[in-house]
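I have placed the structure first, in the form of structure tokens, so that the comments after it can refer back to it.
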Amino acid sequence: MNNSEKKRMNGEAEEENEEDVEDEGRDAWERTYTDERSWEALEEDESGLLQPIDNKAIYHSQYRRRLQSLSAASAASRIQKGLIRFLCVVVDLSKAAGEMDFKPSRMAVIAKHVEAFIREFFDQNPLSQIGLVIIKDGVAQSLTELGGSPEAHIKALMVKLGCSGDSSLQNALELVHDTLHKIPSYGHREVLILYSALSTCDPGDIMETIQKCKKAKLRCSVIGLSAEMFVCKHLCQETGGSYMVALDEGHFKELLLEHAPPPPALAEFAIANLIKMGFPQRAAEGSIAICSCHREAKVGEGYICPRCKARVCELPTECRFCGLTLVSSPHLARSYHHLFPIEPFTEVSARQLELSRVASKTCFGCRESLLTPGTNKAGPCAACTKCKQYFCLDCDIYIHESLHNCPGCESRRITPAAASVTMS
Amino acid sequence: MKFQIEEVTVYFPYDNIYPEQYTYMVELKRALDAKGHCLLEMPTGTGKTIALLSLITSYALAKTESPIKLIYCTRTVHEMEKTLAELKFLHNYQVKHLGAAAKMLAIGLSSRKNLCVNPKVSSAENRDSVDAACRKLTASWVRSMAAENPNQPTCEFYENYDRAAGGAVLPAGVYTLEDLRAFGKEKGWCPYFLARHMVQFANVVVYSYQYLLDPKVAGIISKEMQKESVVVFDEAHNIDNVCIEALSVSVRRQTLEGAIRNISRIENEIDRFKDIDAGRLRAEYNRLVEGLALRGDLSASDAWLANPALPDDILRQAVPGNIRRAEHFLHVLRRLVQYLKVKLDTDKVEKESPVSFVASINSDAGIDQKALKFCYDRLHSLLMTLEITDTDEFLHIQTICDFATLVGTYARGFSIIIEPFDERMPLIPDPVLQVSSLSLSLSLSLSLSLSLSPLCMLCLCCHDASLAIKPVFDRFQSVVITSGTLSPIDLYPRLLNFHPVVSRSFKMSLTRDCICPMVLTRGSDQLPVSTKFDMRSDPGVVRNYGKLLVEMVSIVPDGIVCFFVSYSYMDGIINSWNESGILKDIMQHKLVFIETQDVVETTLALDNYRRACDCGRGAVFFSVARGKVAEGIDFDRHYGRLVIMFGVPFQYTESKILRARLEYLRDTFQIKEGDFLTFDALIDVMNIELTDRNLNQRQAAQCVGRVIRSKADYGMMIFADKRYSRHDKRSKLPGWILSHLRDANLNLSTDMALHIAREFLRKMAQPYEKTGSTTGRKTLLSQEDVEKLGNNGAQEMLY
């Protein structure tokens with residue numbers, strides 16, 4: 001972990017102050033290399049050996065900050081969230097994407113993190129779909145149709161990588177609008193634009209297009225790679241999206257991944273909707289059928305639509321014939337947790353831990369001791385606000401980011417139920 | 001919020017207040033207590049206007065026994081509207097908290113052009129023709145004629161207003177120009193005359209500088225203002241120029257020709273009148289014998305022009321006998337015009353003092369000083385008698401009379417300069433620039449001077465800014481001069497000849513470093529860049545400037561504004577950029593708009609520039625540091641993320657007008673400072689240097705100051721000239737820019753500047769917290785904070 005990340009963990013506001021002081025004496029060219037001055041993070045111990053850099057603490061505090069900011073946004077009131085998202089990722093591959101201020105180039109950095117983002121997105125939103133659009137030579141072209149397969153998107157993007165020409169925000173918005181406005185009303189229409197250029201060459205009045213997007217309830221967010229542009233800011237304000245500008249690669253990644261969890265639903269969407277869904281059966285091993293998506297004969301694999309009995313290769317998808325949304329129950333379950341996030345754990349100081357009534361001083365999750373090995377002093381840990389169980393930091397992260405269930409609360413909930421059974 | 005400053009309860013319409021606004025109010029209050037004048041500099045975008053308004057109105061509320069009136073002067077109609085809108089907001093807040101006790105009457109006063117509701121009149125295209133059209137309908141003789149002849153058109157609004165007479169009053173409240181028009185329409189009263197009538201009763205009057213400074217207008221409008229008034233000059237960094245312009249007259253050949261035409265027309269009119277109504281002319285003669293001050297029989301609507309700064313005793317004297325008769329007066333005028341015509345025929349530059357000029361008029365044309373002095377009023381009276389309503393036709397002869405009166409009245413502080421120059425003459429690089437910057441920067445006169453191709457010009461220049469403003473200082477209890485850039489603040493009292501009781505410069509408290517000034521001294525090839533005369537045409541410098549711009553357009557979003565030192569330099573450099581293909585490179589990233597000397601064209605260019613910034617195409621605006629743009633147009637937010645100042649905008653030092661003015665300043669300073677300082681010879685030289693430099697730096701600062709208009713805003717400034725790295729030049733920039741100018745940014749080359757710019761833009765694009773409470777730098781004070789401050793004494797926060 002290098003200097004820059006260390007700095008970032010101190011919180012936005014402090015960071016500025018600190019940078020002011022630090023940067024004062026440093027020349028501009030020197031500052032470019034601060035990010036790469038990883039050797040400065042190294043420390044020696046008494047015997048002159050290099051100490052391993054304690055990444056874990058940094059990582060954890062970083063995570064905690066993110067968690068807190070997320071929960072602060074949602075804690076105010078229960079906010080409805082869109083679980084079925086239709087996201088168009090617009091990648092600007094104009095000339096500006098070839099700039100080298102991100103190493104090796106903006107384009108490469110974008111590609112790398114978009115790949116990670118797509119995977120993360122489908123992991124968190126299994127019911128959602130993504131479509132890719134690129135801007136090149138002043139025109140926007142659709143790279144992939146809306147679909148649920150991460151591999152297809154990633155492959156398509158990697159093939160098309162290469163930049164040239166001007167950028168046109170309006171063309172991109174028009175294309176996206178055409179793709180998204182016909183999807184059913186329960187789906188949440190989102191656009192995420194990764195914008196490298198600093199200008200847009202448009203054929204018409206972009207303000208009209210922005211209004212059109214607003215009317216079609218497209219939530220447009222932009223991540224800029226160089227500087228703040230008025231028209232992007234205007235677009236995001238109008239459509240309720242967020243506008244951020246990346247400072248460096250790490251920051252860019254962070255900003256991008258913030259778009260993976262579902263955003264609060266727009267007010268217009270806040271009406272409850274019933275959606276017809278099919279839960280297809282997995283086709284029997286060895287059965288041969290022509291799948292409806294690739295029109296090829298396949299042995300085994302695939303699912304059968306419960307309504308029209310067509311064969312599809314992957315879930316989730318929409319049946320080609322009867323238009324039924326096909327999902328599997330784990331998908332639903334995985335989306336479900338966004339609605340009921342576990343509250344962030346409170347941090348427990350060493351003193352609190354020592355005074356606590358928990359005799360074992362072990363993590364409720366992994367049963368590892370919470371005391372730092374060797375010194376027998378209490379290490380950092382966190383406690384669930386509901387069940388008051390203690391967890392080590394690793395478990396804390398695992399619970400919040402992957403599991404989405406608190407083991408402490410879950411086991412407690414069973415206990416009274418079980419007790420009532422025995423009583424009767 | 002509501003808080004105490006000493007014994008005054010200040011009503012401030014916002015929940016939070018900037019610390020500098022608070023100190024600003026404290027200082028202002030002291031000046032009001034002392035009943036003295038004050039000079040306050042606070043950066044743009046810190047809410048000067050609201051701080052001023054809320055303190056002064058609260059002060060008036062607190063001191064009910066001696067109510068003070070606020071006269072607020074703005075430069076443009078747009079600023080007037082903004083001020084009134086703020087005042088309205090403030091007033092609503094005060095009424096909410098205090099009830100009916102806080103009621104006040106506030107009005108804006110502007111020309112007929114902005115206030116007229118009569119569709120037939122207001123459709124005229126410029127100010128003068130609206131005025132004339134109005135007079136055609138409302139002059140007393142027109143109305144008396146209409147009484148007999150119903151076919152004679154009159155203005156129904158004025159008639160209604162006149163009929164209502166004393167009953168025509170505005171109820172208390174704050175009226176913007178729009179409100180006044182609406183009110184006038186609703187009641188059927190003429191808003192212009194209503195506003196002029198109500199000026200005497202209003203608690204707050206907002207109008208333009210000219211109404212106080214231009215003696216011709218001030219005589220009518222501001223005569224009745226009480227002494228217990230607070231006069232505020234907002235955005236007053238150019239106040240000395242406004243004062244000078246108010247008393248400067250320039251005469252061209254076209255003016256003289258027009259004047260001759262006017263004279264012949266007047267002659268015809270006189271002949272016509274002799275036949276119809278000889279009695280009228282005789283009556284006028286008798287009136288003139290009695291003296292000008294006694295013309296009480298003229299009604300309010302007829303008083304369309306008044307005396308240009310004539311001392312009162314002259315008004316009471318009888319008009320000299322040789323111009324009392326209309327025919328004689330015309331002969332005098334004719335001789336004067338003829339004399340001026342001969343003067344203009346010269347082919348060398350001449351400079352004369354008014355005394356010698358008057359003497360030579362006397363010997364050559366036989367017009368004595370006294371007759372000259374009365375020219376203006378005599379003409380006025382004659383036009384009135386002849387019942388001439390289309391006054392816009394008579395501008396030329398009015399100019400001549402104006403000139404004659406000024407020349408006859410003032411022996412000091414003026415000089416007459418005759419400049420026979422040609423625009424295409426290579427010897428004089430920038431004739432029009434000089435004209436527009438010094439003598440005629442009012443946009444109206446600018447367009448006038450530009451439409452006539454100047455061949456020869458006779459200019460009566462006023463050099464003493466204190467002449468026009470002196471009555472204001474003498475008359476009113478407190479005069480507040482305030483602006484975003486008044487540096488160096490000690491120069492203004494000397495230029496305007498007054499003694500401020502408070503003179504302070506405030507810094508802006510910022511949550512983040514939102515301005516990034518840079519001094520660029522070298523191009524990417526490490527060669528120095530400058531617009532110094534010996535270097536400016538060097539292809540290396542031109543190329544380096546071009547490279548700088550090309551690089552900047554590729555990394556700065558939305559709008560960039562470039563200032564050049566002069567039109568001719570701009571033309572030259574754009575040409576060579578065009579030839580070398582640099583312009584094409586720029587166009588790939590942003591559209592290019594260029595300021596020209598044509599006002600309409602420039603307005604159109606500006607409009608399109610803004611559109612290009614809005615829609616994300618991005619644009620560059622090329623402008624001239626002393627042109628129209630630097631005067632009063634804001635390039636805020638995305639309209640000016642970066643300002644590049646190519647070179648140091650020195651005034652054209654060969655200009656005769658400037659030379660004369662500097663000389664005059666030096667002479668007067670010598671007199672003044674002779675008392676305090678013994679080594680006057682040395683001071684002489686330093687003073688002329690100082691004034692010269694100050695004028696220039698002020699210009700540069702105004703150009704770049706237009707980028708930042710509010711705290712949420714951010715912007716960069718690049719001073720691209722090696723001379724800016726010198727301390728003596730730099731130190732004349734206002735403090736709020738200097739405080740952000742880090743040592744590391746003082747001596748940059750293009751690539752270093754690029755790097756800093758990139759980093760700065762990224763940093764500024766991050767979301768930030770408005771109050772700054774977390775960073776330890778408190779920049780927004782809540783009610784409790786202010787109360788705490790009040791208890792601890794305000795001194796502590798003057799950091």
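Convention: chains lettered A, B, ... in structure tokens order; per-chain residue numbering from 1; ligands numbered from 1 as shown.
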Residues of chain B within 10 Å of chain A, counting only C-alpha atoms, as an mmCIF file with N, CA, C and O atoms, in the first residue's frame:
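This is the output file out_13.cif:
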data_model
loop_
_atom_site.group_PDB
_atom_site.id
_atom_site.type_symbol
_atom_site.label_atom_id
_atom_site.label_comp_id
_atom_site.auth_asym_id
_atom_site.auth_seq_id
_atom_site.Cartn_x
_atom_site.Cartn_y
_atom_site.Cartn_z
ATOM 1 N N THR B 511 -12.630 27.861 2.103
ATOM 2 C CA THR B 511 -12.503 26.518 2.635
ATOM 3 C C THR B 511 -11.432 25.752 1.884
ATOM 4 O O THR B 511 -10.893 24.797 2.362
ATOM 5 N N ARG B 512 -11.162 26.178 0.700
ATOM 6 C CA ARG B 512 -10.129 25.505 -0.060
ATOM 7 C C ARG B 512 -9.442 26.540 -0.935
ATOM 8 O O ARG B 512 -9.965 27.640 -1.133
ATOM 9 N N ASP B 513 -8.319 26.180 -1.451
ATOM 10 C CA ASP B 513 -7.595 27.141 -2.273
ATOM 11 C C ASP B 513 -8.205 27.155 -3.659
ATOM 12 O O ASP B 513 -7.769 26.436 -4.544
ATOM 13 N N VAL B 553 -5.783 24.543 -23.723
ATOM 14 C CA VAL B 553 -7.138 24.193 -24.176
ATOM 15 C C VAL B 553 -7.365 22.692 -24.105
ATOM 16 O O VAL B 553 -8.499 22.240 -23.984
ATOM 17 N N SER B 554 -6.291 21.930 -24.145
ATOM 18 C CA SER B 554 -6.509 20.480 -24.110
ATOM 19 C C SER B 554 -6.701 19.957 -22.691
ATOM 20 O O SER B 554 -7.142 18.832 -22.522
ATOM 21 N N ILE B 555 -6.391 20.741 -21.686
ATOM 22 C CA ILE B 555 -6.599 20.201 -20.337
ATOM 23 C C ILE B 555 -7.602 20.979 -19.496
ATOM 24 O O ILE B 555 -7.987 20.532 -18.433
ATOM 25 N N VAL B 556 -8.015 22.138 -19.950
ATOM 26 C CA VAL B 556 -8.961 22.917 -19.147
ATOM 27 C C VAL B 556 -10.358 22.758 -19.748
ATOM 28 O O VAL B 556 -10.530 22.939 -20.938
ATOM 29 N N PRO B 557 -11.334 22.412 -18.936
ATOM 30 C CA PRO B 557 -12.683 22.229 -19.475
ATOM 31 C C PRO B 557 -13.382 23.572 -19.711
ATOM 32 O O PRO B 557 -12.973 24.597 -19.162
ATOM 33 N N ASP B 558 -14.417 23.527 -20.496
ATOM 34 C CA ASP B 558 -15.311 24.667 -20.738
ATOM 35 C C ASP B 558 -14.578 25.932 -21.188
ATOM 36 O O ASP B 558 -13.895 25.893 -22.182
ATOM 37 N N GLY B 559 -14.726 27.020 -20.445
ATOM 38 C CA GLY B 559 -14.292 28.298 -20.986
ATOM 39 C C GLY B 559 -12.907 28.763 -20.557
ATOM 40 O O GLY B 559 -12.498 28.573 -19.419
ATOM 41 N N GLN B 588 -9.389 22.588 -32.574
ATOM 42 C CA GLN B 588 -9.724 21.168 -32.412
ATOM 43 C C GLN B 588 -10.318 20.912 -31.034
ATOM 44 O O GLN B 588 -11.117 20.001 -30.857
ATOM 45 N N HIS B 589 -9.888 21.705 -30.070
ATOM 46 C CA HIS B 589 -10.378 21.483 -28.713
ATOM 47 C C HIS B 589 -11.505 22.438 -28.340
ATOM 48 O O HIS B 589 -12.442 22.049 -27.658
ATOM 49 N N LYS B 590 -11.341 23.658 -28.747
ATOM 50 C CA LYS B 590 -12.344 24.641 -28.346
ATOM 51 C C LYS B 590 -12.635 25.594 -29.490
ATOM 52 O O LYS B 590 -11.793 25.820 -30.346
ATOM 53 N N ALA B 612 -21.383 28.027 -26.091
ATOM 54 C CA ALA B 612 -20.406 26.956 -26.316
ATOM 55 C C ALA B 612 -19.923 26.387 -24.992
ATOM 56 O O ALA B 612 -19.665 25.187 -24.882
ATOM 57 N N CYS B 613 -19.792 27.223 -23.988
ATOM 58 C CA CYS B 613 -19.377 26.734 -22.676
ATOM 59 C C CYS B 613 -20.478 25.876 -22.068
ATOM 60 O O CYS B 613 -20.210 24.858 -21.432
ATOM 61 N N ASP B 614 -21.721 26.309 -22.231
ATOM 62 C CA ASP B 614 -22.845 25.592 -21.642
ATOM 63 C C ASP B 614 -22.982 24.197 -22.224
ATOM 64 O O ASP B 614 -23.212 23.241 -21.502
ATOM 65 N N CYS B 615 -22.854 24.094 -23.538
ATOM 66 C CA CYS B 615 -23.193 22.816 -24.153
ATOM 67 C C CYS B 615 -21.998 21.873 -24.155
ATOM 68 O O CYS B 615 -22.079 20.769 -24.666
ATOM 69 N N GLY B 616 -20.893 22.312 -23.564
ATOM 70 C CA GLY B 616 -19.786 21.383 -23.399
ATOM 71 C C GLY B 616 -18.807 21.368 -24.550
ATOM 72 O O GLY B 616 -17.838 20.624 -24.521
ATOM 73 N N ARG B 617 -19.056 22.208 -25.570
ATOM 74 C CA ARG B 617 -18.118 22.224 -26.672
ATOM 75 C C ARG B 617 -16.805 22.857 -26.229
ATOM 76 O O ARG B 617 -15.742 22.514 -26.691
ATOM 77 N N GLY B 618 -16.899 23.803 -25.320
ATOM 78 C CA GLY B 618 -15.710 24.497 -24.859
ATOM 79 C C GLY B 618 -15.381 25.659 -25.760
ATOM 80 O O GLY B 618 -15.630 25.605 -26.962
ATOM 81 N N ALA B 619 -14.842 26.735 -25.204
ATOM 82 C CA ALA B 619 -14.562 27.902 -26.025
ATOM 83 C C ALA B 619 -13.446 28.731 -25.424
ATOM 84 O O ALA B 619 -13.173 28.658 -24.231
ATOM 85 N N ARG B 637 -17.806 30.858 -12.891
ATOM 86 C CA ARG B 637 -18.006 29.412 -12.992
ATOM 87 C C ARG B 637 -17.323 28.831 -14.238
ATOM 88 O O ARG B 637 -16.173 29.095 -14.492
ATOM 89 N N HIS B 638 -18.090 28.050 -15.016
ATOM 90 C CA HIS B 638 -17.469 27.379 -16.145
ATOM 91 C C HIS B 638 -17.197 28.323 -17.296
ATOM 92 O O HIS B 638 -16.600 27.936 -18.276
ATOM 93 N N TYR B 639 -17.666 29.576 -17.196
ATOM 94 C CA TYR B 639 -17.395 30.511 -18.274
ATOM 95 C C TYR B 639 -15.946 30.997 -18.235
ATOM 96 O O TYR B 639 -15.500 31.657 -19.151
ATOM 97 N N ARG B 641 -12.795 29.083 -16.534
ATOM 98 C CA ARG B 641 -12.011 28.230 -15.650
ATOM 99 C C ARG B 641 -10.560 28.694 -15.625
ATOM 100 O O ARG B 641 -9.828 28.420 -14.698
ATOM 101 N N ARG B 742 1.731 31.148 -4.656
ATOM 102 C CA ARG B 742 2.803 30.512 -3.898
ATOM 103 C C ARG B 742 4.146 30.773 -4.557
ATOM 104 O O ARG B 742 4.228 30.998 -5.761
ATOM 105 N N ASP B 743 5.178 30.701 -3.775
ATOM 106 C CA ASP B 743 6.508 30.943 -4.335
ATOM 107 C C ASP B 743 6.824 29.936 -5.436
ATOM 108 O O ASP B 743 7.504 30.254 -6.399
ATOM 109 N N ALA B 744 6.287 28.737 -5.269
ATOM 110 C CA ALA B 744 6.585 27.700 -6.254
ATOM 111 C C ALA B 744 5.977 28.029 -7.612
ATOM 112 O O ALA B 744 6.407 27.505 -8.633
ATOM 113 N N ASN B 745 4.970 28.886 -7.622
ATOM 114 C CA ASN B 745 4.281 29.177 -8.880
ATOM 115 C C ASN B 745 4.741 30.478 -9.523
ATOM 116 O O ASN B 745 4.083 31.009 -10.392
ATOM 117 N N ASP B 751 5.362 23.696 -19.391
ATOM 118 C CA ASP B 751 5.029 22.327 -18.970
ATOM 119 C C ASP B 751 4.777 22.223 -17.475
ATOM 120 O O ASP B 751 3.953 21.438 -17.023
ATOM 121 N N MET B 752 5.498 23.068 -16.706
ATOM 122 C CA MET B 752 5.235 23.057 -15.268
ATOM 123 C C MET B 752 3.843 23.597 -14.984
ATOM 124 O O MET B 752 3.116 23.069 -14.145
ATOM 125 N N ALA B 753 3.483 24.643 -15.695
ATOM 126 C CA ALA B 753 2.152 25.230 -15.510
ATOM 127 C C ALA B 753 1.069 24.215 -15.857
ATOM 128 O O ALA B 753 0.060 24.106 -15.169
ATOM 129 N N LEU B 754 1.319 23.439 -16.906
ATOM 130 C CA LEU B 754 0.364 22.415 -17.315
ATOM 131 C C LEU B 754 0.134 21.416 -16.207
ATOM 132 O O LEU B 754 -0.997 21.026 -15.911
ATOM 133 N N HIS B 755 1.222 21.034 -15.604
ATOM 134 C CA HIS B 755 1.107 20.027 -14.569
ATOM 135 C C HIS B 755 0.308 20.539 -13.389
ATOM 136 O O HIS B 755 -0.568 19.860 -12.859
ATOM 137 N N ILE B 756 0.627 21.760 -12.998
ATOM 138 C CA ILE B 756 -0.084 22.357 -11.871
ATOM 139 C C ILE B 756 -1.565 22.488 -12.198
ATOM 140 O O ILE B 756 -2.426 22.190 -11.372
ATOM 141 N N ALA B 757 -1.846 22.895 -13.429
ATOM 142 C CA ALA B 757 -3.239 23.089 -13.830
ATOM 143 C C ALA B 757 -4.014 21.780 -13.750
ATOM 144 O O ALA B 757 -5.119 21.721 -13.219
ATOM 145 N N ARG B 758 -3.406 20.724 -14.240
ATOM 146 C CA ARG B 758 -4.076 19.430 -14.246
ATOM 147 C C ARG B 758 -4.443 19.018 -12.831
ATOM 148 O O ARG B 758 -5.561 18.610 -12.541
ATOM 149 N N GLU B 759 -3.455 19.160 -11.986
ATOM 150 C CA GLU B 759 -3.639 18.733 -10.614
ATOM 151 C C GLU B 759 -4.709 19.579 -9.922
ATOM 152 O O GLU B 759 -5.564 19.064 -9.211
ATOM 153 N N PHE B 760 -4.629 20.866 -10.172
ATOM 154 C CA PHE B 760 -5.563 21.792 -9.545
ATOM 155 C C PHE B 760 -6.997 21.477 -9.958
ATOM 156 O O PHE B 760 -7.901 21.417 -9.122
ATOM 157 N N LEU B 761 -7.195 21.232 -11.256
ATOM 158 C CA LEU B 761 -8.549 20.980 -11.749
ATOM 159 C C LEU B 761 -9.126 19.708 -11.150
ATOM 160 O O LEU B 761 -10.296 19.642 -10.810
ATOM 161 N N ARG B 762 -8.283 18.696 -11.007
ATOM 162 C CA ARG B 762 -8.764 17.451 -10.411
ATOM 163 C C ARG B 762 -9.178 17.678 -8.967
ATOM 164 O O ARG B 762 -10.202 17.207 -8.509
ATOM 165 N N LYS B 763 -8.339 18.402 -8.266
ATOM 166 C CA LYS B 763 -8.583 18.625 -6.852
ATOM 167 C C LYS B 763 -9.851 19.434 -6.644
ATOM 168 O O LYS B 763 -10.640 19.156 -5.745
ATOM 169 N N MET B 764 -10.055 20.410 -7.500
ATOM 170 C CA MET B 764 -11.212 21.274 -7.329
ATOM 171 C C MET B 764 -12.510 20.582 -7.715
ATOM 172 O O MET B 764 -13.583 20.997 -7.309
ATOM 173 N N ALA B 765 -12.405 19.546 -8.528
ATOM 174 C CA ALA B 765 -13.622 18.859 -8.966
ATOM 175 C C ALA B 765 -14.184 17.971 -7.866
ATOM 176 O O ALA B 765 -15.288 17.457 -7.988
ATOM 177 N N GLN B 766 -13.422 17.777 -6.799
ATOM 178 C CA GLN B 766 -13.913 16.907 -5.739
ATOM 179 C C GLN B 766 -15.011 17.618 -4.955
ATOM 180 O O GLN B 766 -14.979 18.830 -4.805
ATOM 181 N N PRO B 767 -15.955 16.838 -4.469
ATOM 182 C CA PRO B 767 -16.993 17.478 -3.661
ATOM 183 C C PRO B 767 -16.370 18.072 -2.403
ATOM 184 O O PRO B 767 -15.395 17.533 -1.887
ATOM 185 N N TYR B 768 -16.881 19.173 -1.951
ATOM 186 C CA TYR B 768 -16.285 19.784 -0.766
ATOM 187 C C TYR B 768 -17.357 20.299 0.170
ATOM 188 O O TYR B 768 -18.516 20.437 -0.183
ATOM 189 N N GLU B 769 -16.920 20.570 1.363
ATOM 190 C CA GLU B 769 -17.865 20.967 2.374
ATOM 191 C C GLU B 769 -17.900 22.472 2.459
ATOM 192 O O GLU B 769 -16.869 23.126 2.498
ATOM 193 N N GLY B 772 -16.657 24.393 6.032
ATOM 194 C CA GLY B 772 -15.255 24.302 6.402
ATOM 195 C C GLY B 772 -15.066 24.016 7.874
ATOM 196 O O GLY B 772 -14.003 24.248 8.434
ATOM 197 N N SER B 773 -16.105 23.525 8.549
ATOM 198 C CA SER B 773 -15.989 23.315 9.987
ATOM 199 C C SER B 773 -15.019 22.185 10.313
ATOM 200 O O SER B 773 -14.397 22.182 11.367
ATOM 201 N N THR B 774 -14.902 21.234 9.412
ATOM 202 C CA THR B 774 -14.029 20.104 9.722
ATOM 203 C C THR B 774 -12.567 20.428 9.502
ATOM 204 O O THR B 774 -11.695 19.826 10.108
ATOM 205 N N THR B 775 -12.290 21.372 8.653
ATOM 206 C CA THR B 775 -10.892 21.637 8.363
ATOM 207 C C THR B 775 -10.256 22.564 9.383
ATOM 208 O O THR B 775 -9.073 22.838 9.307
ATOM 209 N N GLY B 776 -11.064 23.054 10.310
ATOM 210 C CA GLY B 776 -10.486 23.940 11.308
ATOM 211 C C GLY B 776 -10.511 25.386 10.872
ATOM 212 O O GLY B 776 -10.488 26.293 11.687
ATOM 213 N N ARG B 777 -10.605 25.605 9.594
ATOM 214 C CA ARG B 777 -10.708 26.985 9.126
ATOM 215 C C ARG B 777 -12.172 27.324 9.044
ATOM 216 O O ARG B 777 -12.883 26.879 8.167
#
### Task
Give me the residues within 12 Å of Ser782 (chain B) as a PyMOL selection string, counting only C-alpha atoms and dropping any in the same chain fewer than 5 places off.
chain B and resi 1-3+12+14-19+22+771+773+787-789
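You will find CA of Asp178 (chain A) at 23.5 Å from CA of Lys155 (chain A).
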#### Entry: Residues near Gly302 (chain A), cut-off 9 Å, only C-alpha atoms, skip fewer than 6 positions along chain, as a PyMOL selection string
chain A and resi 281-284+291+311-315
Can you write out the residues you just picked, keeping C-alpha atoms, as a tab-separated table (two decimals), in the first residue's frame?
chain	number	residue	atom	x	y	z
A	281	GLN	CA	-35.34	-26.21	-14.08
A	282	ARG	CA	-31.89	-27.26	-15.00
A	283	ALA	CA	-32.05	-29.53	-18.03
A	284	ALA	CA	-31.25	-33.15	-17.47
A	291	CYS	CA	-30.88	-23.56	-27.19
A	311	ARG	CA	-34.03	-24.00	-23.65
A	312	VAL	CA	-31.74	-21.17	-22.49
A	313	CYS	CA	-28.05	-21.41	-21.66
A	314	GLU	CA	-27.66	-18.95	-18.86
A	315	LEU	CA	-29.57	-17.37	-16.05
### Task
List the neighbours of region 357-360 of chain B out to 9 Å using only C-alpha atoms; skip same-chain residues closer than 6 positions along the sequence, and give me the result as an MDAnalysis selection string.
chainID B and resid 366:369 372 407:408 416
Produce a file of the selected residues containing N, CA, C and O atoms, as a PDB file, in the first residue's frame.
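Generated output (out-v3.pdb):
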ATOM      1  N   GLY B 366     -13.162  86.635 -30.778  1.00  0.00           N
ATOM      2  CA  GLY B 366     -13.851  87.717 -30.104  1.00  0.00           C
ATOM      3  C   GLY B 366     -14.929  87.266 -29.141  1.00  0.00           C
ATOM      4  O   GLY B 366     -15.941  87.923 -28.962  1.00  0.00           O
ATOM      5  N   ILE B 367     -14.725  86.097 -28.505  1.00  0.00           N
ATOM      6  CA  ILE B 367     -15.702  85.638 -27.515  1.00  0.00           C
ATOM      7  C   ILE B 367     -15.000  85.670 -26.159  1.00  0.00           C
ATOM      8  O   ILE B 367     -13.944  85.050 -26.006  1.00  0.00           O
ATOM      9  N   ASP B 368     -15.558  86.370 -25.215  1.00  0.00           N
ATOM     10  CA  ASP B 368     -14.866  86.428 -23.926  1.00  0.00           C
ATOM     11  C   ASP B 368     -15.261  85.253 -23.046  1.00  0.00           C
ATOM     12  O   ASP B 368     -16.187  84.485 -23.354  1.00  0.00           O
ATOM     13  N   GLN B 369     -14.548  85.145 -21.936  1.00  0.00           N
ATOM     14  CA  GLN B 369     -14.699  83.969 -21.074  1.00  0.00           C
ATOM     15  C   GLN B 369     -16.106  83.874 -20.509  1.00  0.00           C
ATOM     16  O   GLN B 369     -16.682  82.805 -20.408  1.00  0.00           O
ATOM     17  N   LEU B 372     -18.516  82.405 -22.877  1.00  0.00           N
ATOM     18  CA  LEU B 372     -18.296  80.959 -22.998  1.00  0.00           C
ATOM     19  C   LEU B 372     -18.970  80.216 -21.862  1.00  0.00           C
ATOM     20  O   LEU B 372     -19.621  79.190 -22.046  1.00  0.00           O
ATOM     21  N   VAL B 407     -14.656  74.962 -20.600  1.00  0.00           N
ATOM     22  CA  VAL B 407     -13.417  75.684 -20.858  1.00  0.00           C
ATOM     23  C   VAL B 407     -13.467  77.054 -20.195  1.00  0.00           C
ATOM     24  O   VAL B 407     -12.490  77.555 -19.649  1.00  0.00           O
ATOM     25  N   GLY B 408     -14.637  77.646 -20.217  1.00  0.00           N
ATOM     26  CA  GLY B 408     -14.764  78.958 -19.616  1.00  0.00           C
ATOM     27  C   GLY B 408     -14.757  78.918 -18.102  1.00  0.00           C
ATOM     28  O   GLY B 408     -14.401  79.887 -17.455  1.00  0.00           O
ATOM     29  N   ILE B 416      -6.386  70.996 -23.048  1.00  0.00           N
ATOM     30  CA  ILE B 416      -6.989  70.786 -24.352  1.00  0.00           C
ATOM     31  C   ILE B 416      -5.945  70.143 -25.239  1.00  0.00           C
ATOM     32  O   ILE B 416      -4.826  70.639 -25.351  1.00  0.00           O
TER      33      ILE B 416
END
